[in-house]
Each structure stands twice: as C-alpha cells, then as structure tokens.
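Peer 1: Got a structure here, written out as structure tokens. Questions coming.
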Amino acid sequence: MPECYARSCKLSARPGQLTISCAVPVSAAWPLQMVETDGGIRAVDWVWCDAASGRAGAMVPLPADTQSVRGRGIEVIIAANWKMNPPLADAAALAVAYAADSFDGVTRILFPPAPYLVQMGVRLDGTDMLVGGQDCHHNASGAHTGDVAAGMLADCGARVVLLGHSERRADHGEDDALVATKAAAALSAGLDVMICVGETLDQREAGSAEAVVTVQLEGSVPAGIDASRLMLAYEPVWAIGTGKVAGVEEIAAMHAAIQQWLAKRDLASVPILYGGSVKPGNADAIFGVPDVGGALVGGASLKAEDFNGICSAGARAAAARS
Ligand code: 13P
C-alpha cells in the first residue's frame with residue numbers, strides 16, 4: 001500500500017476505487033480523482049505517485065489559510081526563487097531534498113514555476129517551507145492569455161507572491177504602478193506579497209541608487225498596506241546572477257535607507273531580504289548586516305547543498321539575534 005503524506009488525506013488505494021501504480025514516471029499527476037479517505041470518498045485535486053520512493057499522495061482543497069507568512073515569530077526568511085528552472089524531475093528531487101531539513105529560526109519559501117506549485121507544495125507539506133508564486137496578474141479573472149490570477153496561485157497552495165522582480169520589470173516592462181496594482185490583487189486573494197526593488201549598475205555608478213530605490217518603494221508598495229502581509233527584497237540588478245555580491249557596507253547603507261522609509265510609514269516590522277549572488281560562502285556576512293531580514297536566492301537555490309548552506313547561516317544569524 002502506498003504511503004500518503006498529503007496534509008489532510010489518508011489515502012487508501014483499493015482495487016476499483018483508485019489504482020496507484022508506481023511504475024509511472026516520477027511526479028505523474030492526474031487532475032480530479034476520487035479517493036477513499038478516513039472521511040469517506042472525496043474529490044481530490046491531484047493524485048501523484050513517486051516511482052523512486054514508492055510514495056503516493058493526494059491533495060485535497062483546504063480552507064484558505066489567512067495567517068500571515070510572518071505570523072510565526074520567525075527571525076530569518078530565506079526564499080528560493082527558481083525562476084524558469086529546473087525541469088520537473090529535478091524540481092521534484094530538489095523539493096524532496098529541501099523537505100528533509102529544517103532550520104531553527106528560519107522560515108523558508110519556495111517560488112517554483114507556476115505549473116509546479118501543487119507538486120512542490122505536496123512534497124513540502126508538513127515542513128516549514130511554504131510555496132509562493134513568482135508573479136500574478138493584477139485582475140482577478142478575465143481574457144488574459146498566459147497570465148495567472150493571484151486567487152489561482154492561492155488555490156494551488158501559494159501563501160505569498162513575489163512581485164516587481166527586476167527580471168519582470170526588464171522582460172515585461174512592468175513599472176511601479178503595475179506592481180502596486182498586482183500587490184493589491186494579491187492581498188485581496190489572501191496572499192502575502194514580497195516586493196522587489198533594486199538599482200542598475202549605471203544608477204549605482206551615477207550615485208542615484210538610494211533615490212532609485214526610494215522611487216520604486218513609493219510607487220510599488222500600496223498605501224496603507226498591513227505590515228504583516230509585506231516583505232521587501234533589495235536586489236541590486238548588477239548583483240543578480242553575476243557572482244558579484246554587493247559589499248556589506250553597500251547592503252547596510254541601502255537596508256538602513258529602506259528601513260527608514262518603512263519606519264515613516266508605520267511599516268518598521270517589515271523584513272528586508274537581500275538578493276543577488278547569495279551563496280553559502282557569503283551568507284554569514286550578509287546576515288550579519290543590520291536590517292537584513294533574510295535572503296532571496298536564485299542560482300544557489302537550485303542545488304540543495306548550497307541552499308541548505310545558506311539556511312544554516314540563517315539559523316546561526318537567528319540564534320545570534322535571539
Ligand atoms: P542569484 O542568486 O542567481 O543572483 O539571483 C538572485 C535573484 O534574482 C533572486 O530573486
């Protein structure tokens with residue numbers, strides 16, 4: 001009998017009701033199945049089976065969880081932004097590797113590609129790692145081919161959405177006003193938001209980094225937002241995927257400026273993550289900077305060992321702060 005590790009469904013596969021064959025490819029999933037659970041026959045959104053481990057699971061719709069991602073007394077937030085990576089088989093293995101560990105004082109968030117949200121959510125179920133969307137549309141529904149509404153992300157288990165990443169600003173021409181509208185849509189759908197800001201190299205060299213980031217904050221953060229629903233990520237564009245990490249003094253100065261901006265708006269409790277070439281080798285130094293509340297990690301999150309190394313540094317920082 002396959003073992004179920006879905007959140008609220010004790011799966012009992014019986015001949016004639018549900019046949020789960022582990023001879024299928026890893027992560028195979030079929031929408032809308034009926035399974036027998038302790039509570040009787042129920043419709044489930046997804047049934048999946050992992051040939052490697054022999055495990056199977058089902059995901060049942062759950063009541064929306066309205067608790068803020070940050071309402072858990074956490075110290076350090078470490079988020080993995082997979083961007084448009086990796087293929088599903090690698091993603092499943094990575095999520096299983098993430099699920100094997102937990103880090104005191106650290107809340108982990110995974111932003112997988114949208115089509116993988118459910119499958120990654122199931123694999124991380126019962127761990128301290130939440131899943132989130134990498135973007136959402138600013139409307140709740142409608143004729144927007146290729147887009148995903150915030151409510152749809154929530155339906156797939158997302159608790160938070162990343163908005164205003166510099167790659168979306170550059171690739172899709174997203175401006176601050178659009179980011180603010182998306183944030184409002186996400187909040188209405190019950191999601192927390194993580195809004196990204198950061199200057200280009202030209203802007204830094206011109207001495208306008210803080211001014212640029214302040215304008216982004218003014219335009220992207222919705223007025224009157226509840227502090228418990230907001231996280232910020234400072235990601236200097238020139239440090240993303242380049243291996244160039246901002247110096248601790250540059251990070252300290254920018255985070256202090258952002259913290260001042262937040263304090264003036266009654267948002268002082270909002271965590272500010274740093275992103276841009278964070279690796280196990282530089283994470284301790286980055287987490288040692290005042291006003292750094294965590295990290296948003298791209299490339300290094302695609303290797304469990306590297307991501308875990310960063311999370312270990314997060315746990316050390318959390319212990320030092322408590
Ligand atoms: P890298 O960690 O690959 O530099 O990416 C950072 C990032 O863009 C996370 O959102």
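Letters for chains follow the order of the structure tokens (A, B, ...), residue numbers begin at 1 for each chain, and ligand numbers begin at 1 in the order shown.
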Find the spatial neighbours of stretch 236-250 of chain A, counting only C-alpha atoms, within a cut-off of 6 Å - ignore same-chain residues fewer than 3 positions away - and output them as a list in words.
Peer 2: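 Contacts, with the query itself left out: Gly198, Glu199, Thr200, Leu201, Ala253, Gly276 and Ser277 of chain A.
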Peer 1: Restricting it to N, CA and C atoms, dump the selection as a short mmCIF file (atom, residue, chain, number, x, y, z; two decimals), in the first residue's frame.
Peer 2:
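Result file follows (out_36.cif):
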```
data_model
loop_
_atom_site.label_atom_id
_atom_site.label_comp_id
_atom_site.auth_asym_id
_atom_site.auth_seq_id
_atom_site.Cartn_x
_atom_site.Cartn_y
_atom_site.Cartn_z
N GLY A 198 15.52 47.50 -6.55
CA GLY A 198 16.97 47.44 -6.75
C GLY A 198 17.39 48.28 -7.94
N GLU A 199 18.60 48.81 -7.84
CA GLU A 199 19.09 49.71 -8.89
C GLU A 199 19.98 48.98 -9.89
N THR A 200 20.16 49.54 -11.07
CA THR A 200 21.08 49.00 -12.07
C THR A 200 22.50 49.50 -11.75
N LEU A 201 23.47 48.95 -12.47
CA LEU A 201 24.85 49.38 -12.26
C LEU A 201 25.03 50.85 -12.64
N ALA A 253 24.02 50.20 3.97
CA ALA A 253 23.51 51.55 3.70
C ALA A 253 22.13 51.49 3.05
N GLY A 276 20.92 38.63 -4.59
CA GLY A 276 21.95 38.93 -5.58
C GLY A 276 23.20 38.13 -5.26
N SER A 277 23.33 36.95 -5.90
CA SER A 277 24.52 36.10 -5.75
C SER A 277 24.78 35.70 -4.30
#
```
Peer 1: Check the DSSP output for the backbone and give back, as JSON, numbers by chain, the residues of stretch 210-242 of chain A in alpha helix (DSSP H).
Peer 2: {"A": [210, 211, 212, 213, 214, 215, 216, 217, 218, 219, 220]}
Peer 1: Would you mind listing what lies within 7 Å of A:Ser220 as a list in words, with only C-alpha atoms counted and same-chain residues fewer than 3 positions away left out?
Peer 2: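 Skipping anything fewer than 3 positions along the chain leaves Asp176, Ala177, Val179, Ala180, Gln216 and Leu217 of chain A.
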Peer 1: Next, dump the selected residues to file, keeping only N, CA and C atoms, as a PDB file, in the first residue's frame.
Peer 2:
```pdb
ATOM      1  N   ASP A 176       6.347  50.538 -11.551  1.00  0.00           N
ATOM      2  CA  ASP A 176       5.964  50.544 -10.137  1.00  0.00           C
ATOM      3  C   ASP A 176       4.448  50.525  -9.946  1.00  0.00           C
ATOM      4  N   ALA A 177       3.743  51.288 -10.784  1.00  0.00           N
ATOM      5  CA  ALA A 177       2.285  51.371 -10.621  1.00  0.00           C
ATOM      6  C   ALA A 177       1.651  49.999 -10.840  1.00  0.00           C
ATOM      7  N   VAL A 179       3.115  47.107 -10.376  1.00  0.00           N
ATOM      8  CA  VAL A 179       3.482  46.262  -9.233  1.00  0.00           C
ATOM      9  C   VAL A 179       2.530  46.540  -8.058  1.00  0.00           C
ATOM     10  N   ALA A 180       2.227  47.815  -7.834  1.00  0.00           N
ATOM     11  CA  ALA A 180       1.318  48.155  -6.723  1.00  0.00           C
ATOM     12  C   ALA A 180      -0.077  47.574  -6.970  1.00  0.00           C
ATOM     13  N   GLN A 216      11.066  53.499  -6.316  1.00  0.00           N
ATOM     14  CA  GLN A 216      10.418  52.188  -6.506  1.00  0.00           C
ATOM     15  C   GLN A 216       9.521  51.847  -5.321  1.00  0.00           C
ATOM     16  N   LEU A 217      10.009  52.126  -4.109  1.00  0.00           N
ATOM     17  CA  LEU A 217       9.194  51.842  -2.921  1.00  0.00           C
ATOM     18  C   LEU A 217       7.923  52.680  -2.928  1.00  0.00           C
TER      19      LEU A 217
END
```
Peer 1: Using only C-alpha atoms, determine which residues lie at most 10 Å from A:Leu117, disregarding the query and same-chain residues fewer than 6 positions distant; provide the list as an MDAnalysis selection string.
Peer 2: chainID A and resid 110:111 131:133 153:158
Peer 1: For N, CA and C atoms, I'd like the residues from the last selection saved as an mmCIF file, in the first residue's frame.
Peer 2:
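Done, and the output landed in again_35.cif:
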```cif
data_model
loop_
_atom_site.group_PDB
_atom_site.id
_atom_site.type_symbol
_atom_site.label_atom_id
_atom_site.label_comp_id
_atom_site.auth_asym_id
_atom_site.auth_seq_id
_atom_site.Cartn_x
_atom_site.Cartn_y
_atom_site.Cartn_z
ATOM 1 N N LEU A 110 9.541 28.717 -1.080
ATOM 2 C CA LEU A 110 9.947 28.309 -2.428
ATOM 3 C C LEU A 110 9.032 28.986 -3.449
ATOM 4 N N PHE A 111 9.654 29.676 -4.408
ATOM 5 C CA PHE A 111 8.913 30.231 -5.537
ATOM 6 C C PHE A 111 9.239 29.380 -6.768
ATOM 7 N N VAL A 131 5.158 27.556 -0.143
ATOM 8 C CA VAL A 131 5.334 27.838 -1.568
ATOM 9 C C VAL A 131 4.652 29.153 -1.928
ATOM 10 N N GLY A 132 5.185 29.796 -2.975
ATOM 11 C CA GLY A 132 4.625 31.067 -3.432
ATOM 12 C C GLY A 132 4.741 31.178 -4.938
ATOM 13 N N GLY A 133 4.013 32.156 -5.505
ATOM 14 C CA GLY A 133 4.063 32.399 -6.945
ATOM 15 C C GLY A 133 5.155 33.412 -7.276
ATOM 16 N N LEU A 153 -3.196 31.161 -7.778
ATOM 17 C CA LEU A 153 -1.993 30.764 -7.032
ATOM 18 C C LEU A 153 -2.397 30.264 -5.645
ATOM 19 N N ALA A 154 -3.316 30.996 -5.015
ATOM 20 C CA ALA A 154 -3.763 30.581 -3.671
ATOM 21 C C ALA A 154 -4.429 29.205 -3.747
ATOM 22 N N ASP A 155 -5.222 28.988 -4.801
ATOM 23 C CA ASP A 155 -5.873 27.676 -4.962
ATOM 24 C C ASP A 155 -4.848 26.556 -5.076
ATOM 25 N N CYS A 156 -3.682 26.881 -5.585
ATOM 26 C CA CYS A 156 -2.624 25.870 -5.771
ATOM 27 C C CYS A 156 -1.716 25.770 -4.554
ATOM 28 N N GLY A 157 -2.067 26.439 -3.464
ATOM 29 C CA GLY A 157 -1.300 26.285 -2.228
ATOM 30 C C GLY A 157 -0.346 27.425 -1.936
ATOM 31 N N ALA A 158 -0.274 28.429 -2.837
ATOM 32 C CA ALA A 158 0.655 29.545 -2.590
ATOM 33 C C ALA A 158 0.179 30.360 -1.404
#
```
Peer 1: Restricting the calculation to only C-alpha atoms and all ligand atoms, which member of A:Asp291, A:Glu205, A:Asp135, A:Asp284 is positioned closest to ligand 1?
Peer 2: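 The shortest atom-to-atom distance to ligand 1 comes from A:Asp135.
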Peer 1: Restricting the calculation to only C-alpha atoms and all ligand atoms: of A:Ala79, A:Ala206, A:Leu191, A:Val118, which residue gets closest to ligand 1?
Peer 2: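 Closest to ligand 1, using only C-alpha atoms and all ligand atoms: A:Ala79.
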Peer 1: Env of A:Pro271: 10 Å cut, atoms = only C-alpha atoms, seq-sep filter 6 positions within chain, self excluded. Answer as a ChimeraX atom specification.
Peer 2: /A:70,75-77,194,227-228,230-233,255,259,262,291-294
Peer 1: Write out the residues from the selection above, keeping C-alpha atoms, as an mmCIF file, in the first residue's frame.
Peer 2:
```
data_model
loop_
_atom_site.group_PDB
_atom_site.id
_atom_site.type_symbol
_atom_site.label_atom_id
_atom_site.label_comp_id
_atom_site.auth_asym_id
_atom_site.auth_seq_id
_atom_site.Cartn_x
_atom_site.Cartn_y
_atom_site.Cartn_z
ATOM 1 C CA ARG A 70 5.337 36.085 9.104
ATOM 2 C CA GLU A 75 13.643 35.555 12.685
ATOM 3 C CA VAL A 76 15.058 34.988 9.210
ATOM 4 C CA ILE A 77 13.261 34.399 5.904
ATOM 5 C CA MET A 194 7.248 40.128 -1.397
ATOM 6 C CA ALA A 227 2.817 45.417 7.620
ATOM 7 C CA SER A 228 2.255 41.767 8.492
ATOM 8 C CA LEU A 230 4.517 42.632 3.312
ATOM 9 C CA MET A 231 8.120 41.583 2.771
ATOM 10 C CA LEU A 232 10.656 43.538 0.731
ATOM 11 C CA ALA A 233 13.639 42.219 -1.210
ATOM 12 C CA HIS A 255 18.884 48.412 4.020
ATOM 13 C CA GLN A 259 14.226 50.698 6.964
ATOM 14 C CA LEU A 262 9.396 51.847 6.198
ATOM 15 C CA ASP A 291 18.392 45.332 8.870
ATOM 16 C CA VAL A 292 18.936 42.238 6.716
ATOM 17 C CA GLY A 293 15.937 40.034 7.452
ATOM 18 C CA GLY A 294 16.841 37.174 5.138
#
```
Peer 1: If DSSP is run on the backbone, what residues of stretch 98-129 of chain A are strand (DSSP E)? A reply as an MDAnalysis selection string would be ideal.
Peer 2: chainID A and resid 106:111 129
Peer 1: Work out how far apart atom CA of A:Phe287 and atom CA of A:Tyr98 are and give it in Å to one decimal.
Peer 2: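 Answer for the atom CA of A:Phe287 to atom CA of A:Tyr98 separation: 20.5 Å.
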Peer 1: Determine the nearest neighbour of A:Asp104 from the options A:Asp226, A:Asp128, A:Asp175, A:Asp90, counting only C-alpha atoms.
Peer 2: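 Once distances to A:Asp104 are computed over only C-alpha atoms, the minimum belongs to A:Asp128.
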Peer 1: Could you list, as a PyMOL selection string, every residue within 12 Å of stretch 298-307 of chain A, counting only C-alpha atoms and ignoring same-chain residues fewer than 6 positions away?
Peer 2: chain A and resi 78-87+90-103+108-112+134+165+167+235+239-243+274-283+313-314
Peer 1: Given the selection you just returned, output its residues as a file containing C-alpha atoms, formatted as a PDB file, in the first residue's frame.
Peer 2:
```pdb
ATOM      1  CA  ILE A  78      15.122  32.554   3.166  1.00  0.00           C
ATOM      2  CA  ALA A  79      13.375  32.305  -0.182  1.00  0.00           C
ATOM      3  CA  ALA A  80      14.329  30.209  -3.195  1.00  0.00           C
ATOM      4  CA  ASN A  81      13.426  31.848  -6.491  1.00  0.00           C
ATOM      5  CA  TRP A  82      13.766  29.110  -9.090  1.00  0.00           C
ATOM      6  CA  LYS A  83      12.827  31.499 -11.929  1.00  0.00           C
ATOM      7  CA  MET A  84      12.226  29.384 -15.095  1.00  0.00           C
ATOM      8  CA  ASN A  85      14.161  26.395 -13.744  1.00  0.00           C
ATOM      9  CA  PRO A  86      14.562  23.398 -13.401  1.00  0.00           C
ATOM     10  CA  PRO A  87      12.821  20.568 -15.330  1.00  0.00           C
ATOM     11  CA  ASP A  90      14.940  17.783 -10.992  1.00  0.00           C
ATOM     12  CA  ALA A  91      12.430  20.056  -9.257  1.00  0.00           C
ATOM     13  CA  ALA A  92      10.767  17.104  -7.538  1.00  0.00           C
ATOM     14  CA  ALA A  93      14.119  15.751  -6.335  1.00  0.00           C
ATOM     15  CA  LEU A  94      15.137  19.199  -5.089  1.00  0.00           C
ATOM     16  CA  ALA A  95      11.892  19.667  -3.151  1.00  0.00           C
ATOM     17  CA  VAL A  96      12.304  16.250  -1.549  1.00  0.00           C
ATOM     18  CA  ALA A  97      15.837  17.254  -0.550  1.00  0.00           C
ATOM     19  CA  TYR A  98      14.568  20.564   0.885  1.00  0.00           C
ATOM     20  CA  ALA A  99      11.866  18.674   2.809  1.00  0.00           C
ATOM     21  CA  ALA A 100      14.476  16.558   4.562  1.00  0.00           C
ATOM     22  CA  ASP A 101      15.859  19.528   6.501  1.00  0.00           C
ATOM     23  CA  SER A 102      14.605  22.284   8.751  1.00  0.00           C
ATOM     24  CA  PHE A 103      16.463  25.187  10.280  1.00  0.00           C
ATOM     25  CA  ARG A 108      11.823  29.028   4.006  1.00  0.00           C
ATOM     26  CA  ILE A 109       9.758  29.954   0.980  1.00  0.00           C
ATOM     27  CA  LEU A 110       9.947  28.309  -2.428  1.00  0.00           C
ATOM     28  CA  PHE A 111       8.913  30.231  -5.537  1.00  0.00           C
ATOM     29  CA  PRO A 112       8.735  27.493  -8.185  1.00  0.00           C
ATOM     30  CA  GLN A 134       6.717  34.275  -8.926  1.00  0.00           C
ATOM     31  CA  HIS A 165      11.391  41.301  -9.672  1.00  0.00           C
ATOM     32  CA  GLU A 167      13.603  40.385 -14.492  1.00  0.00           C
ATOM     33  CA  GLU A 235      18.187  43.052  -5.154  1.00  0.00           C
ATOM     34  CA  ALA A 239      24.463  41.511  -8.483  1.00  0.00           C
ATOM     35  CA  ILE A 240      21.819  39.129  -9.841  1.00  0.00           C
ATOM     36  CA  GLY A 241      23.263  36.012 -11.432  1.00  0.00           C
ATOM     37  CA  THR A 242      26.611  37.728 -11.927  1.00  0.00           C
ATOM     38  CA  GLY A 243      28.532  36.342  -8.973  1.00  0.00           C
ATOM     39  CA  TYR A 274      18.861  40.844   0.374  1.00  0.00           C
ATOM     40  CA  GLY A 275      19.159  39.135  -3.024  1.00  0.00           C
ATOM     41  CA  GLY A 276      21.951  38.927  -5.583  1.00  0.00           C
ATOM     42  CA  SER A 277      24.523  36.105  -5.750  1.00  0.00           C
ATOM     43  CA  VAL A 278      23.907  34.926  -2.178  1.00  0.00           C
ATOM     44  CA  LYS A 279      25.927  31.748  -1.596  1.00  0.00           C
ATOM     45  CA  PRO A 280      26.877  29.625   1.419  1.00  0.00           C
ATOM     46  CA  GLY A 281      30.277  31.368   1.435  1.00  0.00           C
ATOM     47  CA  ASN A 282      28.904  34.907   1.795  1.00  0.00           C
ATOM     48  CA  ALA A 283      25.648  34.273   3.662  1.00  0.00           C
ATOM     49  CA  ALA A 313      23.815  30.567   8.033  1.00  0.00           C
ATOM     50  CA  GLY A 314      20.267  31.909   8.532  1.00  0.00           C
TER      51      GLY A 314
END
```
Peer 1: A:Ala317, A:Leu296, A:Ile310, A:Ala257: which is nearest A:Leu162, counting only C-alpha atoms?
Peer 2: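 Of all the options, A:Leu296 lies closest to A:Leu162.
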Peer 1: Which of these, A:Ile251, A:Ile225, A:Val213, A:Ala186, has the shortest distance to A:Arg265 once you count only C-alpha atoms?
Peer 2: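 Of the candidates, the smallest distance to A:Arg265 is held by A:Ile225.
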Peer 1: Report, in Å with one decimal, the straight-line distance from atom CA of A:Ser312 to atom CA of A:Leu267.
Peer 2: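 Computing the Euclidean distance for atom CA of A:Ser312 and atom CA of A:Leu267 yields 27.8 Å.
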Peer 1: Between atom CA of A:Pro115 and atom CA of A:Ala89, what is the distance, to one decimal in Å?
Peer 2: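 Calculated distance between atom CA of A:Pro115 and atom CA of A:Ala89 is 13.1 Å.
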Peer 1: Using only C-alpha atoms, can you tell me which of A:Gly142, A:His137, A:Ser188, A:Val148 comes closest to A:Ala114?
Peer 2: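 Once distances to A:Ala114 are computed over only C-alpha atoms, the minimum belongs to A:Val148.
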